[in-house]
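The file query_7.txt comes next; it holds compact mmCIF, C-alpha atoms.
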# COMPACT_ATOMS: atom_id res chain seq x y z
CA MET A 1402 12.96 24.57 -20.52
CA ALA A 1403 13.49 20.82 -20.56
CA VAL A 1404 14.66 19.00 -17.42
CA LEU A 1405 15.24 15.41 -16.41
CA VAL A 1406 13.14 14.25 -13.43
CA ARG A 1407 14.38 11.18 -11.52
CA LEU A 1408 11.88 9.27 -9.38
CA PRO A 1409 12.10 6.60 -6.66
CA GLY A 1410 10.63 3.17 -7.29
CA SER A 1411 7.63 4.01 -5.16
CA LEU A 1412 6.54 6.84 -7.48
CA ARG A 1413 7.24 5.17 -10.81
CA ASP A 1414 3.80 3.62 -11.03
CA THR A 1415 2.39 7.13 -11.41
CA VAL A 1416 4.38 7.76 -14.61
CA GLY A 1417 4.07 4.42 -16.32
CA GLY A 1418 6.96 2.69 -14.58
CA SER A 1419 9.90 4.82 -15.65
CA GLY A 1420 12.52 6.10 -13.21
CA LYS A 1421 13.48 9.02 -15.45
CA ILE A 1422 11.18 11.31 -17.36
CA GLN A 1423 11.61 14.51 -19.31
CA ALA A 1424 9.54 17.51 -18.32
CA ARG A 1425 9.36 21.24 -18.98
CA GLY A 1426 8.98 24.27 -16.72
CA GLU A 1427 10.52 27.46 -15.41
CA THR A 1428 9.80 26.59 -11.78
CA LEU A 1429 9.46 23.37 -9.80
CA GLY A 1430 5.69 23.93 -9.69
CA ASP A 1431 5.62 24.19 -13.49
CA VAL A 1432 7.57 20.96 -13.83
CA ILE A 1433 5.23 19.09 -11.49
CA ALA A 1434 2.22 20.49 -13.38
CA ASP A 1435 3.76 19.39 -16.68
CA VAL A 1436 4.24 15.84 -15.41
CA ASP A 1437 0.73 15.83 -13.94
CA ALA A 1438 -0.75 16.93 -17.27
CA ARG A 1439 0.64 13.78 -18.87
CA TYR A 1440 0.24 11.52 -15.84
CA PRO A 1441 -2.83 12.67 -13.88
CA GLY A 1442 -2.52 12.00 -10.16
CA PHE A 1443 1.22 12.65 -10.00
CA ALA A 1444 0.86 16.10 -8.41
CA ALA A 1445 -1.45 14.78 -5.70
CA ARG A 1446 1.22 12.32 -4.62
CA VAL A 1447 3.84 15.02 -4.04
CA LEU A 1448 1.84 18.17 -3.23
CA ASP A 1449 -0.52 18.80 -0.33
CA GLU A 1450 -3.97 20.39 -0.58
CA ARG A 1451 -2.40 23.87 -0.38
CA GLY A 1452 -0.07 23.18 -3.27
CA GLY A 1453 3.10 22.91 -1.18
CA LEU A 1454 5.47 19.94 -1.11
CA ARG A 1455 4.17 17.23 1.18
CA THR A 1456 6.11 17.03 4.45
CA TYR A 1457 7.53 13.68 3.47
CA VAL A 1458 8.68 14.65 0.00
CA SER A 1459 12.15 16.03 -0.68
CA VAL A 1460 13.04 17.51 -4.03
CA PHE A 1461 16.58 18.25 -5.08
CA ILE A 1462 17.28 20.59 -7.98
CA GLY A 1463 20.82 19.62 -8.77
CA ASP A 1464 22.41 19.49 -5.31
CA LYS A 1465 20.05 22.04 -3.78
CA ASP A 1466 17.09 21.16 -1.59
CA ALA A 1467 14.11 22.84 -3.26
CA ARG A 1468 12.76 23.90 0.14
CA ASP A 1469 15.84 26.06 0.66
CA ILE A 1470 15.36 27.93 -2.61
CA GLY A 1471 11.64 28.61 -2.73
CA GLY A 1472 9.81 25.29 -2.71
CA THR A 1473 7.50 24.94 -5.70
CA ALA A 1474 8.47 28.48 -6.74
CA ALA A 1475 12.14 27.48 -7.06
CA ARG A 1476 13.59 28.38 -10.46
CA ILE A 1477 14.94 25.55 -12.56
CA PRO A 1478 18.37 26.38 -14.05
CA ALA A 1479 19.04 25.21 -17.60
CA GLY A 1480 20.26 21.64 -17.78
CA SER A 1481 19.19 20.83 -14.25
CA GLU A 1482 18.28 17.41 -13.01
CA ILE A 1483 15.46 17.10 -10.50
CA MET A 1484 15.31 14.23 -8.00
CA LEU A 1485 12.30 13.37 -5.84
CA VAL A 1486 12.79 11.19 -2.75
CA PRO A 1487 10.88 10.59 0.45
CA ALA A 1488 12.07 13.16 3.00
CA MET A 1489 12.75 10.31 5.36
CA ALA A 1490 13.91 6.85 4.52
CA GLY A 1491 11.39 4.07 4.73
CA GLY A 1492 11.30 0.88 2.74
CA TRP A 1493 10.48 0.98 -0.89
CA ALA A 1494 11.48 -1.07 -3.84
CA VAL A 1495 12.33 -0.49 -7.44
CA MET B 170 23.67 -13.98 -2.43
CA PRO B 171 23.74 -13.94 1.38
CA THR B 172 20.07 -13.11 1.67
CA SER B 173 19.67 -14.95 4.93
CA THR B 174 21.66 -15.32 8.09
CA VAL B 175 18.80 -17.04 9.88
CA ASN B 176 20.58 -20.36 9.73
CA ASN B 177 23.85 -18.82 10.88
CA TYR B 178 22.48 -17.35 14.07
CA ALA B 179 19.18 -19.13 14.66
CA THR B 180 20.64 -21.68 17.05
CA SER B 181 22.57 -19.17 19.14
CA ALA B 182 19.57 -16.79 19.08
CA MET B 183 17.29 -19.51 20.39
CA ARG B 184 19.79 -20.41 23.12
CA LEU B 185 20.29 -16.80 24.19
CA SER B 186 18.30 -16.12 27.37
CA THR B 187 17.52 -12.84 29.06
CA ASP B 188 19.69 -13.92 31.99
CA ARG B 189 22.63 -14.58 29.67
CA VAL B 190 22.13 -11.20 27.96
CA ARG B 191 22.08 -9.45 31.35
CA GLU B 192 25.25 -11.25 32.35
CA LEU B 193 27.04 -10.28 29.14
CA VAL B 194 26.20 -6.56 29.36
CA ARG B 195 26.41 -6.04 33.12
CA GLY B 196 28.13 -2.81 34.09
CA THR B 197 27.74 -1.15 30.66
CA ILE B 198 25.20 1.23 29.12
CA LEU B 199 23.78 -1.78 27.26
CA GLU B 200 22.33 -2.89 30.58
CA ARG B 201 19.76 -0.08 30.13
CA ILE B 202 18.31 -1.52 26.91
CA GLY B 203 14.72 -2.58 27.44
CA ASP B 204 12.42 -2.12 30.44
CA THR B 205 11.10 1.00 28.73
CA PRO B 206 8.16 2.93 30.21
CA LEU B 207 4.53 2.08 29.48
CA VAL B 208 2.52 5.29 29.64
CA PRO B 209 -1.29 5.68 29.67
CA LEU B 210 -2.50 8.15 27.02
CA ARG B 211 -5.34 9.56 29.10
CA ARG B 212 -5.95 12.83 27.25
CA PHE B 213 -5.22 11.38 23.84
CA GLY B 214 -7.54 8.45 24.41
CA ALA B 215 -10.28 10.29 26.32
CA GLY B 216 -13.80 9.19 25.46
CA LEU B 217 -12.78 5.96 23.78
CA ARG B 218 -14.29 2.61 24.75
CA GLY B 219 -10.87 1.13 25.39
CA GLU B 220 -7.69 2.26 27.15
CA LEU B 221 -4.67 3.33 25.13
CA TRP B 222 -1.14 2.81 26.46
CA ALA B 223 2.19 3.71 24.86
CA LYS B 224 5.39 1.67 25.06
CA VAL B 225 7.99 4.43 24.81
CA GLU B 226 11.01 2.91 23.04
CA ALA B 227 12.80 6.24 22.73
CA ALA B 228 13.81 5.58 26.35
CA ASN B 229 16.36 3.01 25.19
CA PRO B 230 19.94 4.35 25.42
CA GLY B 231 20.33 4.42 21.63
CA GLY B 232 16.99 6.18 21.32
CA SER B 233 14.91 3.50 19.61
CA VAL B 234 13.39 0.04 19.74
CA LYS B 235 16.22 -1.11 17.47
CA ASP B 236 18.57 -1.24 20.46
CA ARG B 237 16.88 -4.51 21.43
CA ALA B 238 17.38 -6.25 18.09
CA ALA B 239 20.90 -4.88 17.66
CA LEU B 240 22.00 -6.12 21.08
CA TRP B 241 20.54 -9.59 20.55
CA MET B 242 21.94 -9.92 17.02
CA VAL B 243 25.43 -8.96 18.17
CA LEU B 244 25.36 -11.22 21.22
CA ALA B 245 23.99 -14.11 19.14
CA ALA B 246 26.93 -13.67 16.73
CA GLU B 247 29.30 -13.63 19.71
CA GLU B 248 27.74 -16.75 21.17
CA ALA B 249 28.02 -18.42 17.75
CA GLY B 250 31.74 -17.57 17.74
CA THR B 251 31.51 -15.33 14.67
CA LEU B 252 32.44 -12.27 16.72
CA PRO B 253 34.76 -10.86 17.83
CA ASP B 254 36.77 -10.85 14.63
CA PRO B 255 39.69 -8.40 14.42
CA PHE B 256 39.64 -8.48 10.63
CA ARG B 257 35.92 -8.16 9.92
CA ALA B 258 33.38 -5.41 10.67
CA MET B 259 29.74 -5.98 11.47
CA LEU B 260 27.70 -4.98 8.41
CA ASP B 261 24.04 -4.17 7.94
CA ALA B 262 21.62 -2.14 5.84
CA THR B 263 19.43 0.31 7.67
CA SER B 264 17.34 3.44 7.28
CA GLY B 265 19.03 4.70 10.42
CA ASN B 266 17.82 3.50 13.81
CA THR B 267 19.35 0.04 13.53
CA GLY B 268 22.54 1.71 12.41
CA VAL B 269 22.65 3.89 15.52
CA ALA B 270 21.89 0.87 17.70
CA LEU B 271 24.52 -1.36 16.07
CA ALA B 272 27.08 1.43 16.25
CA MET B 273 26.41 1.91 19.96
CA VAL B 274 26.51 -1.82 20.73
CA GLY B 275 29.62 -2.22 18.58
CA ALA B 276 31.36 0.59 20.45
CA VAL B 277 30.70 -1.09 23.79
CA ARG B 278 31.51 -4.64 22.65
CA GLY B 279 34.59 -3.63 20.66
CA HIS B 280 33.38 -4.53 17.16
CA ALA B 281 33.91 -2.36 14.10
CA VAL B 282 30.66 -1.43 12.32
CA THR B 283 29.90 -0.64 8.67
CA LEU B 284 26.42 0.55 7.72
CA CYS B 285 24.73 0.90 4.34
CA LEU B 286 22.31 3.83 4.51
CA PRO B 287 20.32 5.49 1.78
CA ASP B 288 21.75 8.94 1.11
CA ARG B 289 19.44 11.76 2.27
CA VAL B 290 18.27 9.87 5.39
CA SER B 291 17.69 12.21 8.30
CA ILE B 292 21.11 13.58 9.02
CA GLU B 293 20.78 13.14 12.77
CA ARG B 294 20.93 9.36 12.60
CA LYS B 295 23.83 9.32 10.17
CA ARG B 296 25.82 11.63 12.44
CA VAL B 297 24.95 9.75 15.62
CA ALA B 298 26.04 6.43 14.07
CA MET B 299 29.30 8.02 12.94
CA ALA B 300 29.80 9.55 16.39
CA PHE B 301 29.72 6.01 17.79
CA GLY B 302 32.52 5.14 15.36
CA ALA B 303 30.57 3.45 12.57
CA ARG B 304 31.66 3.68 8.94
CA VAL B 305 28.81 4.69 6.66
CA VAL B 306 28.35 3.64 3.04
CA LEU B 307 25.76 5.88 1.39
CA THR B 308 23.54 4.29 -1.23
CA ASP B 309 21.32 5.73 -3.97
CA PRO B 310 18.45 7.61 -2.31
CA LEU B 311 16.19 6.66 -5.21
CA GLU B 312 16.56 3.00 -4.27
CA GLY B 313 15.64 3.58 -0.60
CA THR B 314 16.25 0.98 2.07
CA ASP B 315 16.03 -1.77 -0.52
CA GLY B 316 19.00 -0.23 -2.31
CA ALA B 317 20.92 -0.27 0.97
CA ILE B 318 20.03 -3.96 1.41
CA ARG B 319 21.33 -4.77 -2.06
CA GLU B 320 24.59 -2.92 -1.35
CA ALA B 321 25.07 -4.75 1.96
CA GLN B 322 24.46 -8.05 0.18
CA ARG B 323 26.99 -7.09 -2.48
CA LEU B 324 29.64 -6.17 0.09
CA ALA B 325 29.04 -9.34 2.09
CA THR B 326 29.29 -11.47 -1.03
CA THR B 327 32.31 -9.83 -2.61
CA GLN B 328 34.28 -9.16 0.60
CA PRO B 329 33.47 -11.95 3.05
CA ASP B 330 36.92 -11.51 4.61
CA ARG B 331 35.98 -7.96 5.64
CA PHE B 332 32.39 -8.22 6.84
CA VAL B 333 30.13 -10.14 9.19
CA TYR B 334 26.69 -9.53 7.68
CA LEU B 335 24.15 -9.39 10.51
CA ASP B 336 21.16 -8.85 8.18
CA GLN B 337 18.43 -7.62 10.51
CA TYR B 338 15.82 -8.59 7.91
CA SER B 339 16.77 -12.27 8.16
CA ASN B 340 18.28 -12.59 11.60
CA ALA B 341 16.37 -14.81 14.04
CA ALA B 342 17.86 -12.90 16.97
CA ASN B 343 15.90 -9.81 15.89
CA ALA B 344 12.56 -11.50 16.56
CA ALA B 345 13.94 -13.34 19.59
CA ALA B 346 14.74 -10.00 21.27
CA HIS B 347 11.06 -9.07 21.16
CA ALA B 348 9.82 -12.52 22.16
CA ARG B 349 12.05 -12.44 25.25
CA THR B 350 12.04 -8.75 26.23
CA THR B 351 9.42 -6.47 24.64
CA ALA B 352 6.49 -8.84 24.89
CA PRO B 353 7.11 -10.08 28.45
CA GLU B 354 7.61 -6.47 29.54
CA VAL B 355 4.22 -5.28 28.30
CA TRP B 356 2.56 -8.38 29.73
CA THR B 357 4.04 -7.65 33.17
CA GLN B 358 3.50 -3.89 32.96
CA THR B 359 -0.22 -4.36 32.24
CA ARG B 360 -0.51 -7.18 34.80
CA GLY B 361 -1.67 -9.39 31.99
CA GLU B 362 -4.61 -7.17 31.12
CA LEU B 363 -3.64 -6.00 27.64
CA THR B 364 -5.98 -7.18 24.90
CA HIS B 365 -4.20 -5.79 21.80
CA PHE B 366 -0.57 -5.16 20.88
CA VAL B 367 -0.06 -2.76 17.98
CA ALA B 368 3.25 -2.23 16.16
CA GLY B 369 4.52 -1.25 12.76
CA VAL B 370 6.21 -3.61 10.31
CA GLY B 371 9.71 -2.80 9.10
CA THR B 372 11.78 -5.95 9.38
CA GLY B 373 8.80 -7.71 10.96
CA GLY B 374 10.86 -8.56 14.05
CA THR B 375 8.69 -6.72 16.58
CA ILE B 376 5.44 -8.30 15.44
CA VAL B 377 6.77 -11.80 14.83
CA GLY B 378 8.71 -11.94 18.11
CA SER B 379 6.04 -10.33 20.29
CA SER B 380 3.39 -12.56 18.76
CA ARG B 381 5.34 -15.63 19.85
CA PHE B 382 4.93 -14.64 23.50
CA LEU B 383 1.67 -12.68 23.60
CA ARG B 384 -0.58 -14.75 21.38
CA ARG B 385 -0.54 -17.71 23.70
CA LYS B 386 -1.73 -15.31 26.40
CA GLY B 387 -4.75 -14.44 24.27
CA VAL B 388 -3.52 -11.01 23.13
CA ARG B 389 -4.49 -9.93 19.61
CA ILE B 390 -1.52 -8.84 17.50
CA VAL B 391 -2.05 -5.94 15.12
CA ALA B 392 0.48 -5.13 12.36
CA VAL B 393 0.66 -1.69 10.76
CA GLN B 394 1.98 -0.76 7.31
CA PRO B 395 1.97 2.41 5.20
CA ASP B 396 -1.04 2.66 2.89
CA GLN B 397 1.12 3.21 -0.19
CA ALA B 398 4.62 2.60 -1.48
CA PHE B 399 5.61 6.29 -1.43
CA HIS B 400 5.36 7.27 2.21
CA GLY B 401 6.99 9.15 5.05
CA LEU B 402 6.69 6.55 7.79
CA ASP B 403 10.33 6.04 8.47
CA GLY B 404 11.38 2.48 9.18
CA LEU B 405 8.10 0.93 8.05
CA LYS B 406 7.78 -1.12 4.89
CA HIS B 407 4.97 -1.24 2.37
CA MET B 408 5.34 -4.96 1.97
CA ALA B 409 3.51 -5.27 -1.32
CA SER B 410 6.16 -3.17 -3.05
CA ALA B 411 9.31 -3.79 -0.99
CA ILE B 412 11.87 -6.55 -0.64
CA ARG B 413 10.17 -9.01 1.69
CA PRO B 414 12.17 -9.58 4.90
CA PRO B 415 12.69 -13.33 5.37
CA ILE B 416 11.77 -13.11 9.07
CA TRP B 417 8.41 -11.46 8.29
CA ASP B 418 5.43 -13.74 8.66
CA GLU B 419 1.94 -12.32 8.07
CA SER B 420 0.36 -15.09 10.10
CA ALA B 421 2.00 -13.70 13.24
CA ALA B 422 -0.62 -10.92 13.27
CA ASP B 423 -4.35 -11.27 13.86
CA GLU B 424 -5.08 -8.00 12.10
CA HIS B 425 -3.30 -6.01 9.41
CA ALA B 426 -3.98 -2.29 9.11
CA THR B 427 -2.73 0.50 6.88
CA VAL B 428 -2.24 4.18 7.68
CA SER B 429 -1.59 7.24 5.55
CA THR B 430 1.47 9.37 6.18
CA ASP B 431 -0.68 12.47 6.66
CA GLU B 432 -2.76 10.80 9.39
CA ALA B 433 0.35 9.53 11.19
CA HIS B 434 2.13 12.89 11.04
CA GLY B 435 -0.96 14.67 12.35
CA LEU B 436 -1.16 12.31 15.30
CA ILE B 437 2.44 12.70 16.40
CA ARG B 438 2.04 16.49 16.43
CA ARG B 439 -1.08 16.03 18.57
CA LEU B 440 0.69 13.54 20.86
CA ALA B 441 3.48 16.03 21.56
CA ARG B 442 0.99 18.73 22.55
CA GLU B 443 -1.45 16.56 24.51
CA GLU B 444 0.80 14.00 26.19
CA GLY B 445 4.28 15.56 26.13
CA LEU B 446 5.66 12.71 24.04
CA LEU B 447 7.84 13.70 21.07
CA VAL B 448 7.97 10.66 18.81
CA GLY B 449 8.86 9.72 15.24
CA PRO B 450 6.53 9.19 12.25
CA SER B 451 6.16 5.42 12.56
CA SER B 452 4.77 5.97 16.06
CA GLY B 453 1.97 7.99 14.50
CA ALA B 454 1.03 5.03 12.31
CA ALA B 455 0.79 2.68 15.29
CA LEU B 456 -1.14 5.30 17.25
CA ALA B 457 -3.68 5.69 14.45
CA VAL B 458 -4.47 2.00 14.55
CA GLY B 459 -4.49 1.90 18.35
CA LEU B 460 -7.07 4.70 18.35
CA ARG B 461 -9.27 2.78 15.89
CA ILE B 462 -9.26 -0.31 18.10
CA ALA B 463 -9.87 1.60 21.33
CA ALA B 464 -12.73 3.47 19.64
CA ARG B 465 -14.46 0.32 18.42
CA GLU B 466 -14.28 -1.94 21.47
CA GLU B 467 -13.62 -2.22 25.20
CA SER B 468 -9.94 -3.05 25.30
CA MET B 469 -6.51 -2.33 26.69
CA VAL B 470 -4.41 -1.44 23.69
CA VAL B 471 -0.64 -1.21 23.91
CA VAL B 472 0.92 0.75 21.06
CA LEU B 473 4.66 0.49 20.49
CA LEU B 474 6.27 3.87 19.73
CA PRO B 475 9.61 2.98 18.07
CA ASP B 476 11.62 6.18 18.43
CA GLY B 477 11.72 9.83 19.45
CA GLY B 478 10.95 12.89 17.38
CA GLU B 479 14.30 14.59 17.91
CA ARG B 480 15.82 12.50 15.14
CA TYR B 481 13.51 14.16 12.61
CA LEU B 482 13.97 17.80 13.55
CA SER B 483 16.00 18.46 10.40
CA THR B 484 13.16 17.16 8.22
CA PRO B 485 10.09 19.14 7.12
CA LEU B 486 7.94 17.16 9.56
CA TRP B 487 8.10 19.70 12.37
CA GLU B 488 8.23 22.86 10.26
For the file at hand, write its structure as structure tokens.
Amino acid sequence: MAVLVRLPGSLRDTVGGSGKIQARGETLGDVIADVDARYPGFAARVLDERGGLRTYVSVFIGDKDARDIGGTAARIPAGSEIMLVPAMAGGWAV
Amino acid sequence: MPTSTVNNYATSAMRLSTDRVRELVRGTILERIGDTPLVPLRRFGAGLRGELWAKVEAANPGGSVKDRAALWMVLAAEEAGTLPDPFRAMLDATSGNTGVALAMVGAVRGHAVTLCLPDRVSIERKRVAMAFGARVVLTDPLEGTDGAIREAQRLATTQPDRFVYLDQYSNAANAAAHARTTAPEVWTQTRGELTHFVAGVGTGGTIVGSSRFLRRKGVRIVAVQPDQAFHGLDGLKHMASAIRPPIWDESAADEHATVSTDEAHGLIRRLAREEGLLVGPSSGAALAVGLRIAAREESMVVVLLPDGGERYLSTPLWE
């Protein structure tokens, strides 16, 4: 299913500069893989070597923290919006 | 846009002395800001050519190095006559620690505080700042600290009758606090033997201010930044991609180093287990660079650890 993925300024260089991209997938892992297929290197920025979310990456599926609903296995409800942000707040620009 | 308050407070910041600050805060908790412990990292630094020492800023009453800058910025505004103001609140943008510090100082000095924080910052700092009575304006998490800065600038511009914009990124008192407290402390605590001072760059105040005092003593100043724009080193800025703080001056440092978030996080977990020090992510970045220096040369390296790890317990860092 199609979802909208919103990205912080610090990740936009990995997807050609856009802050919003469309992606497809049944789970969060599928969505990340779909983005990575079009923009190689994206998954490595947000996933660790074991395939889990990096400790400093937070992903919200709608209002829910993906970590609370299965991490990369979290199901993506129809019409959802996904937002990726650093898990802590440092400085980054648009 | 009010991008700079340097000119507003520079004169009062330069006039502010440590004796005057002590006099102003005597008999309050603010008296305990500064004079933080310097701890040798004997197990952590075993086998290195140099010695590694940690300046533990979590020992400040507000829990971070930002207590110093907050106190000096507020007192500089008071000395300039801008505060107290019964109709205007102190305003600043922060990723959290400065907010806690300003809220604490504001509570003691009787000034209202409004903070612009990116939404989704670690909840501990937001709640602590609110517990001290601060009002919090949450900004778009996708815009990060820079989004909070833009919102603070907007509020200061559109509602000058409601806010006194302290602007830690431009405020000369921020750097002055380190020139007159942090740097002299480490010089005295090491009996003048330190060779390197290592700290992260967020506003740039720690490096710029400490450099002012320590460089003339022959100490090498080392500035640390995240290695990429998307990072988890809270409070630090990747300068190449962020809004440049007006007080930041690259020439204040003799060396510039970068650290990955993974390396920094690994080191703070190790530090907790080996030295009993629970610190935040930006401490790990400074530690990484301190270790590199102590490994390469005979030295006495002082690494500034900005805050404690308790403020990050709700994040995935310690899972």
Non-local contacts of A:Ser1459 (7 Å; all atoms listed in the file; under 2 positions in same chain excluded) as a ChimeraX atom specification
/A:1457,1461,1485-1488
Exercise: B:Met299 partners within 12 Å, only C-alpha atoms, chain neighbours under 2 positions left out, as a list in words
Gly265, Gly268, Val269, Ala270, Leu271, Ala272, Met273, Gly275, Ala276, Ala281, Val282, Thr283, Leu284, Leu286, Ile292, Glu293, Arg294, Lys295, Arg296, Val297, Phe301, Gly302, Ala303, Arg304, Val305 and Val306 of chain B
Let me make sure I understand: among A:Ala1445, A:Leu1454, A:Val1432, A:Ile1422, which one has the smallest atom-to-atom distance to A:Pro1409 if we use all atoms listed in the file?
A:Ile1422
When you count all atoms listed in the file, which of these residues is closest to A:Arg1455: B:Ser410, B:Ser468, B:Thr430, B:Thr357?
B:Thr430
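Every protein or nucleic acid residue with an atom no more than 6 Å from stretch 1474-1480 of chain A, counting all atoms listed in the file and leaving out same-chain residues fewer than 4 positions away, appears here: Glu1427, Thr1428, Leu1429 and Ile1470 of chain A.
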When you get a sec, could you note down which chain A residues fall within 12 Å of chain B, using all atoms listed in the file, as a PyMOL selection string?
chain A and resi 1406-1415+1420-1421+1443+1445-1450+1453-1461+1464-1469+1472+1483-1495
Within 8 Å of B:Ala344, counting all atoms listed in the file, which residues show up once you throw out same-chain ones fewer than 2 positions away? Write them as a PyMOL selection string, please.
chain B and resi 238+340-342+346-348+373-379+416
Contacts of B:Arg439 within 12 Å, all atoms listed in the file, excl. fewer than 2 positions in-chain, as a ChimeraX atom specification
/B:210,212-214,432-437,441-448,452-453,456-457,487
Taken to one decimal, the atom CA of B:Pro255-atom CA of B:Ile318 distance is 24.0 Å
Could you check how far atom CA of B:Thr197 sits from atom CA of B:Glu247, in Å to one decimal?
16.7 Å
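Atom CA of B:Ser233 is found 11.2 Å from atom CA of B:Glu479.
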Would you mind completing stretch 1442-1463 of chain A to N, CA and C atoms and writing the output as a PDB file, in the frame of the given file?
ATOM      1  N   GLY A1442      -2.662  12.628 -11.477  1.00  0.00           N
ATOM      2  CA  GLY A1442      -2.520  12.000 -10.160  1.00  0.00           C
ATOM      3  C   GLY A1442      -1.127  12.163  -9.596  1.00  0.00           C
ATOM      4  N   PHE A1443      -0.173  12.504 -10.467  1.00  0.00           N
ATOM      5  CA  PHE A1443       1.220  12.650 -10.000  1.00  0.00           C
ATOM      6  C   PHE A1443       1.332  13.782  -8.975  1.00  0.00           C
ATOM      7  N   ALA A1444       0.732  14.934  -9.301  1.00  0.00           N
ATOM      8  CA  ALA A1444       0.860  16.100  -8.410  1.00  0.00           C
ATOM      9  C   ALA A1444       0.274  15.810  -7.032  1.00  0.00           C
ATOM     10  N   ALA A1445      -0.815  15.075  -6.997  1.00  0.00           N
ATOM     11  CA  ALA A1445      -1.450  14.780  -5.700  1.00  0.00           C
ATOM     12  C   ALA A1445      -0.571  13.919  -4.803  1.00  0.00           C
ATOM     13  N   ARG A1446       0.323  13.174  -5.417  1.00  0.00           N
ATOM     14  CA  ARG A1446       1.220  12.320  -4.620  1.00  0.00           C
ATOM     15  C   ARG A1446       2.328  13.139  -3.956  1.00  0.00           C
ATOM     16  N   VAL A1447       2.693  14.266  -4.565  1.00  0.00           N
ATOM     17  CA  VAL A1447       3.840  15.020  -4.040  1.00  0.00           C
ATOM     18  C   VAL A1447       3.455  16.375  -3.443  1.00  0.00           C
ATOM     19  N   LEU A1448       2.262  16.875  -3.767  1.00  0.00           N
ATOM     20  CA  LEU A1448       1.840  18.170  -3.230  1.00  0.00           C
ATOM     21  C   LEU A1448       0.662  17.994  -2.283  1.00  0.00           C
ATOM     22  N   ASP A1449       0.607  18.861  -1.257  1.00  0.00           N
ATOM     23  CA  ASP A1449      -0.520  18.800  -0.330  1.00  0.00           C
ATOM     24  C   ASP A1449      -1.682  19.628  -0.880  1.00  0.00           C
ATOM     25  N   GLU A1450      -2.758  19.718  -0.096  1.00  0.00           N
ATOM     26  CA  GLU A1450      -3.970  20.390  -0.580  1.00  0.00           C
ATOM     27  C   GLU A1450      -3.760  21.895  -0.792  1.00  0.00           C
ATOM     28  N   ARG A1451      -2.694  22.445  -0.183  1.00  0.00           N
ATOM     29  CA  ARG A1451      -2.400  23.870  -0.380  1.00  0.00           C
ATOM     30  C   ARG A1451      -1.400  24.109  -1.506  1.00  0.00           C
ATOM     31  N   GLY A1452      -0.993  23.029  -2.134  1.00  0.00           N
ATOM     32  CA  GLY A1452      -0.070  23.180  -3.270  1.00  0.00           C
ATOM     33  C   GLY A1452       1.393  23.183  -2.895  1.00  0.00           C
ATOM     34  N   GLY A1453       1.697  22.985  -1.611  1.00  0.00           N
ATOM     35  CA  GLY A1453       3.100  22.910  -1.180  1.00  0.00           C
ATOM     36  C   GLY A1453       3.594  21.477  -1.228  1.00  0.00           C
ATOM     37  N   LEU A1454       4.916  21.306  -1.142  1.00  0.00           N
ATOM     38  CA  LEU A1454       5.470  19.940  -1.110  1.00  0.00           C
ATOM     39  C   LEU A1454       4.982  19.231   0.144  1.00  0.00           C
ATOM     40  N   ARG A1455       4.563  18.012   0.003  1.00  0.00           N
ATOM     41  CA  ARG A1455       4.170  17.230   1.180  1.00  0.00           C
ATOM     42  C   ARG A1455       5.347  17.144   2.139  1.00  0.00           C
ATOM     43  N   THR A1456       5.039  17.020   3.447  1.00  0.00           N
ATOM     44  CA  THR A1456       6.110  17.030   4.450  1.00  0.00           C
ATOM     45  C   THR A1456       7.088  15.889   4.258  1.00  0.00           C
ATOM     46  N   TYR A1457       6.650  14.838   3.611  1.00  0.00           N
ATOM     47  CA  TYR A1457       7.530  13.680   3.470  1.00  0.00           C
ATOM     48  C   TYR A1457       8.141  13.560   2.083  1.00  0.00           C
ATOM     49  N   VAL A1458       8.079  14.641   1.327  1.00  0.00           N
ATOM     50  CA  VAL A1458       8.680  14.650   0.000  1.00  0.00           C
ATOM     51  C   VAL A1458       9.853  15.625  -0.013  1.00  0.00           C
ATOM     52  N   SER A1459      11.003  15.155  -0.460  1.00  0.00           N
ATOM     53  CA  SER A1459      12.150  16.030  -0.680  1.00  0.00           C
ATOM     54  C   SER A1459      12.418  16.117  -2.171  1.00  0.00           C
ATOM     55  N   VAL A1460      12.712  17.311  -2.626  1.00  0.00           N
ATOM     56  CA  VAL A1460      13.040  17.510  -4.030  1.00  0.00           C
ATOM     57  C   VAL A1460      14.391  18.199  -4.104  1.00  0.00           C
ATOM     58  N   PHE A1461      15.262  17.645  -4.890  1.00  0.00           N
ATOM     59  CA  PHE A1461      16.580  18.250  -5.080  1.00  0.00           C
ATOM     60  C   PHE A1461      16.687  18.733  -6.524  1.00  0.00           C
ATOM     61  N   ILE A1462      17.040  19.999  -6.655  1.00  0.00           N
ATOM     62  CA  ILE A1462      17.280  20.590  -7.980  1.00  0.00           C
ATOM     63  C   ILE A1462      18.796  20.692  -8.089  1.00  0.00           C
ATOM     64  N   GLY A1463      19.372  19.779  -8.850  1.00  0.00           N
ATOM     65  CA  GLY A1463      20.820  19.620  -8.770  1.00  0.00           C
ATOM     66  C   GLY A1463      21.149  19.153  -7.363  1.00  0.00           C
TER      67      GLY A1463
END
